[in-house]
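Beneath this line is the structure, given in structure tokens, with notes to follow.
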Protein chains: 2
Amino acid sequence: MPAPALIGLDWGTSTLRGHLLAADGSVLETVSRPWGIQHLPAGGFAAALEGVAGPWRSRAASLPVVAAGMVGSRQGWREVPYVSCPADAATIAAGVVAFPSEAGLLHLVPGLSQARPLPNVLRGEETQIIGAIAHAPALAEGAVFVLPGTHAKWVDVREGRITRFDTFLTGELFALLRDHSLLGRPAREAVATSGAAEPSPVAFSRGLAEARDSGAAGVASRLFAARSLFLTGDLAPAATLDYLSGLLIGEEVRSALASRGGRPPSPLVLVGDESLCARYRQACEAFDLPSPAWVGDGAAAGLWEIARRAGLVTTSSTGPDRSSAGR
Amino acid sequence: MPAPALIGLDWGTSTLRGHLLAADGSVLETVSRPWGIQHLPAGGFAAALEGVAGPWRSRAASLPVVAAGMVGSRQGWREVPYVSCPADAATIAAGVVAFPSEAGLLHLVPGLSQARPLPNVLRGEETQIIGAIAHAPALAEGAVFVLPGTHAKWVDVREGRITRFDTFLTGELFALLRDHSLLGRPAREAVATSGAAEPSPVAFSRGLAEARDSGAAGVASRLFAARSLFLTGDLAPAATLDYLSGLLIGEEVRSALASRGGRPPSPLVLVGDESLCARYRQACEAFDLPSPAWVGDGAAAGLWEIARRAGLVTTSSTGPDRSSAGR
């Protein structure tokens with residue numbers, strides 16, 4: 001096994017994921033703990049860091065540690081100023097802040113901010129995208145990266161730089177409607193009565209199609225149809241959630257296309273959880289978009305690339321094996 | 001005082017409002033109780049009915065009782081079949097169901113359903129609109145009634161008939177975002193720390209303007225700006241809620257106009273709570289729409305009109321004084 005050269009932390013709101021990396025960027029070990037910044041263990045940030053990185057540092061005490069994500073936010077351990085868009089791996093690496101924490105030196109990756117077309121910020125996704133580009137350098141020339149999730153991001157990359165990004169509340173709105181709204185009640189009652197809900201691909205497709213066909217009006221007046229279609233018996237209780245999921249993901253795609261002048265962004269690259277990305281792949285089909293590429297978790301490769309540019313690791317003489325690193 | 005001739009109940013999800021009406025349609029007394037169908041007192045529906053109507057019936061035992069709203073829904077006391085659109089006061093009155101409850105005979109007003117342009121249902125708003133038309137018969141020729149609230153309705157009336165309606169989750173989405181989402185957290189923390197939040201008309205106007213200018217993309221990617229603008233210091237914690245309110249009401253207006261081919265509906269009539277309707281009036285200004293008319297609670301006049309057409313009251317020889325009844 002190659003010698004360890006870097007500890008990379010992907011430290012978000014709900015999860016802390018640590019990667020032990022070699023000098024060529026390959027991932028030697030990965031651990032995942034439910035210690036996001038909103039769910040820290042007793043002892044707080046320092047205990048979480050020690051819990052993940054301690055065993056690795058006991059083997060090689062001088063390993064540098066680089067961390068990306070919400071750990072660098074105002075609610076995190078230490079706030080790191082945003083880097084303005086457009087930004088590339090070099091400007092992001094230049095924004096890395098060395099933070100002498102009580103549990104050792106930590107190098108924090110900055111998030112990105114933009115003023116136009118809308119004021120917006122992100123933290124963590126910049127590292128995912130740098131990682132995806134490290135795997136497939138051709139994407140740096142021009143691509144739109146879609147990162148589904150609680151706050152889904154559409155990130156435009158042109159000539160190696162992140163030029164623009166949009167945030168959609170898709171995942172959070174879905175959870176709010178499912179857990180707290182009148183629309184989610186039939187499914188909640190069905191789950192309470194008979195256990196897990198049966199997924200309905202047909203209802204999901206119907207939601208996607210209606211969002212696509214809603215034109216400039218969007219889905220604002222269609223969300224309530226999840227209620228009407230349940231009352232008229234057209235949708236089973238659990239299917240109302242798949243229908244809502246289709247409407248909300250469809251609205252995200254519809255709106256993202258409209259704000260880019262209706263032109264299909266190409267290539268489109270899905271980043272993240274495979275099953276969630278499969279829903280977005282289906283949305284792309286419904287909107288007659290070219291089939292998107294998919295990359296899984298790009299954080300390890302992104303952390304390594306940023307650390308390399310920040311001078312935290314000296315790469316092996318053969319250079320990183322980008323075709324397989326971190327996958 | 002004229003003799004009582006009718007008890008009219010506006011019985012919704014959260015409130016039961018009772019009106020004692022004379023034969024000419026004028027309102028003699030009104031009581032309001034927090035006994036919506038989701039908040040019944042001990043003794044359930046019968047106790048609620050007795051609590052509101054009992055004192056009036058002890059004076060005149062044979063008074064007919066008519067009730068509109070969610071009391072006639074599947075979650076209500078007795079489900080009343082929907083009447084299909086297009087519908088007018090006569091077809092709605094023909095759908096009234098006599099329900100011999102344990103607390104006496106109750107005449108339940110049906111809600112409305114439509115299959116196009118989207119499957120949709122309503123209960124209670126049909127009575128509000130019939131009441132508004134009774135006050136201002138010219139509106140029957142053609143108007144769009146907007147009823148703001150948890151599930152806001154836009155109801156098109158043409159040649160005396162309700163031809164179409166749309167439902168927007170505006171009020172429920174606002175409450176979900178305020179009470180449960182990351183976007184609402186700064187305002188929740190500010191209220192917890194320093195009490196009531198200071199309203200920000202500027203932030204509300206900004207939200208309206210951004211929704212108007214969002215074009216076909218809509219506000220899907222703008223909601224998160226409530227977070228970004230807070231993080232950058234552009235919006236104070238409490239102002240984030242006014243900004244969100246502007247975005248959501250603006251999206252409702254933008255979508256309603258787009259789904260009607262972009263033509264401003266005229267005349268536009270706001271129905272309901274005065275302060276909420278004032279927000280919609282401001283939205284109409286932001287969208288350069290003609291200034292809308294406003295009618296307050298039309299339920300009493302609508303209940304009387306439906307009861308009259310259903311033969312439950314014999315009108316006084318002079319006819320109802322429509323200019324002041326129920327206001």
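Chain identifiers are assigned as A, B, and so on, following the order in which chains appear in the structure tokens; residues are numbered from 1 within each chain, and ligands are numbered from 1 in order of appearance.
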
Margin query: Which of region 185-292 of chain A end up as helix (DSSP H, G or I) when DSSP is run on this backbone - answer as number ranges by chain?
Written below: A: 185-194, 201-213, 215-217, 225-231, 239-259, 274-286

Nearby residues (only C-alpha atoms) at most 9 Å from Ala197 (chain B), same-chain spacing under 4 positions excluded, as an mmCIF file with C-alpha atoms, in the first residue's frame:
```cif
data_model
loop_
_atom_site.group_PDB
_atom_site.id
_atom_site.type_symbol
_atom_site.label_atom_id
_atom_site.label_comp_id
_atom_site.auth_asym_id
_atom_site.auth_seq_id
_atom_site.Cartn_x
_atom_site.Cartn_y
_atom_site.Cartn_z
ATOM 1 C CA ALA B 187 -36.098 34.894 11.791
ATOM 2 C CA ARG B 188 -37.004 32.152 14.266
ATOM 3 C CA ALA B 190 -34.452 36.598 16.137
ATOM 4 C CA VAL B 191 -37.978 36.141 17.478
ATOM 5 C CA PRO B 237 -33.191 38.163 10.004
ATOM 6 C CA ALA B 238 -36.870 39.191 10.192
ATOM 7 C CA ALA B 239 -36.772 40.749 6.717
#
```

Margin query: Which residues are close to Pro265 (chain A), i.e. within 12 Å by only C-alpha atoms, leaving aside same-chain residues fewer than 5 positions away? Reply as a PyMOL selection string.
Written below: chain A and resi 142-146+154-158+253+256-260+284+287-292

Margin query: Neighbouring residues of Ala236 (chain B) were defined as those with any atom within 12 Å, considering only C-alpha atoms; residues of the same chain fewer than 2 positions away were excluded. Please report them as a list in words.
Written below: Gly184, Arg185, Pro186, Ala187, Glu189, Ala190, Ala197, Glu198, Pro199, Ser200, Val202, Ala203, Ala226, Arg227, Ser228, Leu229, Phe230, Leu231, Thr232, Gly233, Asp234, Ala238, Ala239, Thr240, Leu241, Asp242 and Tyr243 of chain B

Item checked: Residues of chain B within 6 Å of chain A, only C-alpha atoms counted, as a list of chain:residue names -> B:Asn120, B:Asp166, B:Thr167, B:Phe168, B:Ala216, B:Ala217, B:Ala220, B:Ser221, B:Ser228, B:Ser255, B:Ala258, B:Ser259

Could you please take those selected residues and save all heavy atoms as a compact mmCIF listing (two decimals), in the first residue's frame?
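Heads up, here's the output in out.txt:
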```
# COMPACT_ATOMS: atom_id res chain seq x y z
N ASN B 120 -59.14 19.58 -9.65
CA ASN B 120 -59.08 20.48 -8.49
C ASN B 120 -60.41 20.45 -7.76
O ASN B 120 -61.45 20.12 -8.36
CB ASN B 120 -58.76 21.92 -8.94
CG ASN B 120 -58.09 22.74 -7.84
OD1 ASN B 120 -58.12 22.37 -6.67
ND2 ASN B 120 -57.50 23.84 -8.23
N ASP B 166 -58.08 27.78 -9.69
CA ASP B 166 -56.73 27.29 -9.44
C ASP B 166 -56.43 27.41 -7.95
O ASP B 166 -56.92 28.34 -7.29
CB ASP B 166 -55.70 28.13 -10.20
CG ASP B 166 -55.84 27.99 -11.70
OD1 ASP B 166 -55.96 26.86 -12.16
OD2 ASP B 166 -55.85 29.03 -12.38
N THR B 167 -55.63 26.50 -7.46
CA THR B 167 -55.21 26.54 -6.06
C THR B 167 -53.70 26.72 -5.98
O THR B 167 -52.96 26.04 -6.69
CB THR B 167 -55.59 25.23 -5.35
OG1 THR B 167 -56.99 25.01 -5.48
CG2 THR B 167 -55.23 25.28 -3.87
N PHE B 168 -53.29 27.63 -5.14
CA PHE B 168 -51.87 27.87 -4.90
C PHE B 168 -51.57 27.63 -3.43
O PHE B 168 -52.30 28.11 -2.56
CB PHE B 168 -51.50 29.31 -5.28
CG PHE B 168 -51.65 29.60 -6.74
CD1 PHE B 168 -52.87 30.03 -7.26
CD2 PHE B 168 -50.59 29.43 -7.61
CE1 PHE B 168 -53.02 30.29 -8.61
CE2 PHE B 168 -50.74 29.69 -8.96
CZ PHE B 168 -51.96 30.12 -9.47
N ALA B 216 -40.13 33.27 -17.27
CA ALA B 216 -40.63 31.89 -17.31
C ALA B 216 -39.92 30.99 -16.30
O ALA B 216 -40.42 29.94 -15.95
CB ALA B 216 -40.46 31.32 -18.71
N ALA B 217 -38.74 31.39 -15.82
CA ALA B 217 -38.01 30.54 -14.87
C ALA B 217 -38.73 30.48 -13.52
O ALA B 217 -38.62 29.49 -12.81
CB ALA B 217 -36.58 31.05 -14.68
N ALA B 220 -38.14 29.40 -8.49
CA ALA B 220 -37.56 28.17 -7.92
C ALA B 220 -36.13 28.35 -7.46
O ALA B 220 -35.74 27.85 -6.41
CB ALA B 220 -37.66 27.03 -8.94
N SER B 221 -35.33 29.10 -8.23
CA SER B 221 -33.93 29.26 -7.85
C SER B 221 -33.71 30.52 -7.01
O SER B 221 -32.58 30.84 -6.66
CB SER B 221 -33.03 29.29 -9.09
OG SER B 221 -33.19 30.51 -9.77
N SER B 228 -28.98 33.47 1.15
CA SER B 228 -27.76 34.14 0.70
C SER B 228 -27.75 35.60 1.12
O SER B 228 -26.73 36.12 1.57
CB SER B 228 -27.64 34.04 -0.83
OG SER B 228 -27.77 32.71 -1.27
N SER B 255 -47.57 33.12 -11.98
CA SER B 255 -48.05 31.86 -12.54
C SER B 255 -49.50 31.97 -12.99
O SER B 255 -49.87 31.46 -14.06
CB SER B 255 -47.89 30.75 -11.49
OG SER B 255 -48.40 29.53 -11.96
N ALA B 258 -49.53 33.83 -16.23
CA ALA B 258 -48.97 33.02 -17.32
C ALA B 258 -49.96 31.95 -17.77
O ALA B 258 -50.09 31.69 -18.97
CB ALA B 258 -47.65 32.39 -16.89
N SER B 259 -50.69 31.37 -16.82
CA SER B 259 -51.62 30.30 -17.20
C SER B 259 -52.88 30.86 -17.84
O SER B 259 -53.68 30.09 -18.37
CB SER B 259 -51.97 29.44 -15.98
OG SER B 259 -52.85 30.13 -15.13
```

Next item on the list: as number ranges by chain, please: all residues of region 1-240 of chain A that backbone DSSP puts in strand (DSSP E or B).
Entry: A: 4-11, 16-22, 27-33, 65-68, 83-84, 87, 97-101, 104-108, 112-114, 120-122, 142-147, 152-158, 161-168

Same residues, C-alpha atoms, output as a PDB file, in the first residue's frame:
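What follows is the written file result39.pdb:
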```pdb
ATOM      1  CA  PRO A   4      -0.425   8.051   3.350  1.00  0.00           C
ATOM      2  CA  ALA A   5       0.108  11.677   2.348  1.00  0.00           C
ATOM      3  CA  LEU A   6      -3.113  13.550   3.205  1.00  0.00           C
ATOM      4  CA  ILE A   7      -6.263  13.386   5.309  1.00  0.00           C
ATOM      5  CA  GLY A   8      -9.242  14.879   3.475  1.00  0.00           C
ATOM      6  CA  LEU A   9     -12.491  15.682   5.281  1.00  0.00           C
ATOM      7  CA  ASP A  10     -15.858  16.228   3.615  1.00  0.00           C
ATOM      8  CA  TRP A  11     -17.624  17.839   6.572  1.00  0.00           C
ATOM      9  CA  LEU A  16     -18.420  13.846   8.388  1.00  0.00           C
ATOM     10  CA  ARG A  17     -16.597  11.690   5.842  1.00  0.00           C
ATOM     11  CA  GLY A  18     -12.856  11.246   6.085  1.00  0.00           C
ATOM     12  CA  HIS A  19     -10.466   9.970   3.408  1.00  0.00           C
ATOM     13  CA  LEU A  20      -6.885   8.855   3.847  1.00  0.00           C
ATOM     14  CA  LEU A  21      -5.093   9.625   0.577  1.00  0.00           C
ATOM     15  CA  ALA A  22      -1.760   8.636  -0.924  1.00  0.00           C
ATOM     16  CA  VAL A  27      -7.874   6.697  -1.599  1.00  0.00           C
ATOM     17  CA  LEU A  28      -6.402   4.308   0.955  1.00  0.00           C
ATOM     18  CA  GLU A  29      -9.219   4.319   3.501  1.00  0.00           C
ATOM     19  CA  THR A  30     -12.561   6.065   4.032  1.00  0.00           C
ATOM     20  CA  VAL A  31     -14.637   6.443   7.181  1.00  0.00           C
ATOM     21  CA  SER A  32     -18.069   8.011   7.555  1.00  0.00           C
ATOM     22  CA  ARG A  33     -19.545   9.290  10.820  1.00  0.00           C
ATOM     23  CA  VAL A  65      -5.568  17.691   7.108  1.00  0.00           C
ATOM     24  CA  VAL A  66      -7.789  19.530   4.617  1.00  0.00           C
ATOM     25  CA  ALA A  67     -11.527  19.956   5.137  1.00  0.00           C
ATOM     26  CA  ALA A  68     -14.342  21.212   2.882  1.00  0.00           C
ATOM     27  CA  VAL A  83     -14.161  33.091  -2.922  1.00  0.00           C
ATOM     28  CA  SER A  84     -16.005  35.039  -5.638  1.00  0.00           C
ATOM     29  CA  ALA A  87     -13.308  30.674  -9.651  1.00  0.00           C
ATOM     30  CA  VAL A  97      -7.335  29.032   5.469  1.00  0.00           C
ATOM     31  CA  ALA A  98      -4.973  27.364   7.949  1.00  0.00           C
ATOM     32  CA  PHE A  99      -6.837  27.078  11.249  1.00  0.00           C
ATOM     33  CA  PRO A 100      -4.832  26.026  14.315  1.00  0.00           C
ATOM     34  CA  SER A 101      -7.604  24.163  16.112  1.00  0.00           C
ATOM     35  CA  GLY A 104      -4.332  20.259  15.434  1.00  0.00           C
ATOM     36  CA  LEU A 105      -3.825  22.307  12.284  1.00  0.00           C
ATOM     37  CA  LEU A 106      -6.753  22.173   9.856  1.00  0.00           C
ATOM     38  CA  HIS A 107      -6.753  23.579   6.325  1.00  0.00           C
ATOM     39  CA  LEU A 108     -10.262  24.802   5.494  1.00  0.00           C
ATOM     40  CA  LEU A 112     -18.010  30.191  -3.369  1.00  0.00           C
ATOM     41  CA  SER A 113     -20.179  33.281  -3.662  1.00  0.00           C
ATOM     42  CA  GLN A 114     -21.682  35.054  -6.640  1.00  0.00           C
ATOM     43  CA  ASN A 120     -25.864  32.890  -3.924  1.00  0.00           C
ATOM     44  CA  VAL A 121     -23.389  30.868  -1.881  1.00  0.00           C
ATOM     45  CA  LEU A 122     -22.240  27.267  -1.672  1.00  0.00           C
ATOM     46  CA  GLY A 142     -17.704  23.429 -20.547  1.00  0.00           C
ATOM     47  CA  ALA A 143     -20.369  21.522 -18.632  1.00  0.00           C
ATOM     48  CA  VAL A 144     -23.259  22.003 -16.269  1.00  0.00           C
ATOM     49  CA  PHE A 145     -22.952  19.970 -13.069  1.00  0.00           C
ATOM     50  CA  VAL A 146     -26.155  19.076 -11.250  1.00  0.00           C
ATOM     51  CA  LEU A 147     -25.852  18.068  -7.596  1.00  0.00           C
ATOM     52  CA  ALA A 152     -29.767  21.109  -5.211  1.00  0.00           C
ATOM     53  CA  LYS A 153     -27.115  22.995  -7.170  1.00  0.00           C
ATOM     54  CA  TRP A 154     -26.695  23.606 -10.895  1.00  0.00           C
ATOM     55  CA  VAL A 155     -23.125  24.710 -11.483  1.00  0.00           C
ATOM     56  CA  ASP A 156     -21.882  26.037 -14.815  1.00  0.00           C
ATOM     57  CA  VAL A 157     -18.208  25.466 -15.686  1.00  0.00           C
ATOM     58  CA  ARG A 158     -16.601  27.256 -18.630  1.00  0.00           C
ATOM     59  CA  ARG A 161     -13.755  28.059 -14.115  1.00  0.00           C
ATOM     60  CA  ILE A 162     -16.991  27.859 -12.158  1.00  0.00           C
ATOM     61  CA  THR A 163     -18.853  30.780 -13.680  1.00  0.00           C
ATOM     62  CA  ARG A 164     -22.322  30.533 -12.182  1.00  0.00           C
ATOM     63  CA  PHE A 165     -24.484  28.431  -9.904  1.00  0.00           C
ATOM     64  CA  ASP A 166     -28.144  28.156  -8.932  1.00  0.00           C
ATOM     65  CA  THR A 167     -29.696  26.648  -5.843  1.00  0.00           C
ATOM     66  CA  PHE A 168     -33.060  24.880  -5.815  1.00  0.00           C
TER      67      PHE A 168
END
```

Item checked: Surrounding residues of Ala299 (chain A) excluding itself and chain neighbours under 6 positions, 6 Å, only C-alpha atoms, as a ChimeraX atom specification -> /A:127-128,131

Those residues with C-alpha atoms, as a PDB file, in the first residue's frame please?
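Contents of part33.pdb, freshly written:
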```pdb
ATOM      1  CA  THR A 127     -14.763  20.498  -3.999  1.00  0.00           C
ATOM      2  CA  GLN A 128     -17.088  17.892  -5.549  1.00  0.00           C
ATOM      3  CA  GLY A 131     -12.947  16.344  -8.062  1.00  0.00           C
TER       4      GLY A 131
END
```

Item checked: All residues 7 Å or closer to Glu50 (chain A), only C-alpha atoms, same chain fewer than 4 positions away omitted, as a ChimeraX atom specification -> /A:46,54,103

Would you write out those residues with N, CA, C and O atoms, as a PDB file, in the first residue's frame?
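Saved to result34.pdb:
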```
ATOM      1  N   ALA A  46     -13.701  19.219  17.978  1.00  0.00           N
ATOM      2  CA  ALA A  46     -12.394  18.614  18.232  1.00  0.00           C
ATOM      3  C   ALA A  46     -12.524  17.101  18.404  1.00  0.00           C
ATOM      4  O   ALA A  46     -11.699  16.327  17.892  1.00  0.00           O
ATOM      5  N   GLY A  54      -7.742  10.793  14.168  1.00  0.00           N
ATOM      6  CA  GLY A  54      -6.800  10.351  15.198  1.00  0.00           C
ATOM      7  C   GLY A  54      -6.080   9.057  14.866  1.00  0.00           C
ATOM      8  O   GLY A  54      -4.824   9.002  14.893  1.00  0.00           O
ATOM      9  N   ALA A 103      -7.405  20.677  18.172  1.00  0.00           N
ATOM     10  CA  ALA A 103      -7.114  19.283  17.830  1.00  0.00           C
ATOM     11  C   ALA A 103      -6.098  19.199  16.691  1.00  0.00           C
ATOM     12  O   ALA A 103      -5.999  18.177  16.007  1.00  0.00           O
TER      13      ALA A 103
END
```

Next item on the list: For Phe45 (chain B), list every protein, DNA or RNA residue within 8 Å, evaluated using only C-alpha atoms, and leave out those in the same chain fewer than 5 positions away; present the list as a list in words.
Entry: Ile37, Leu40 and Trp77 of chain B
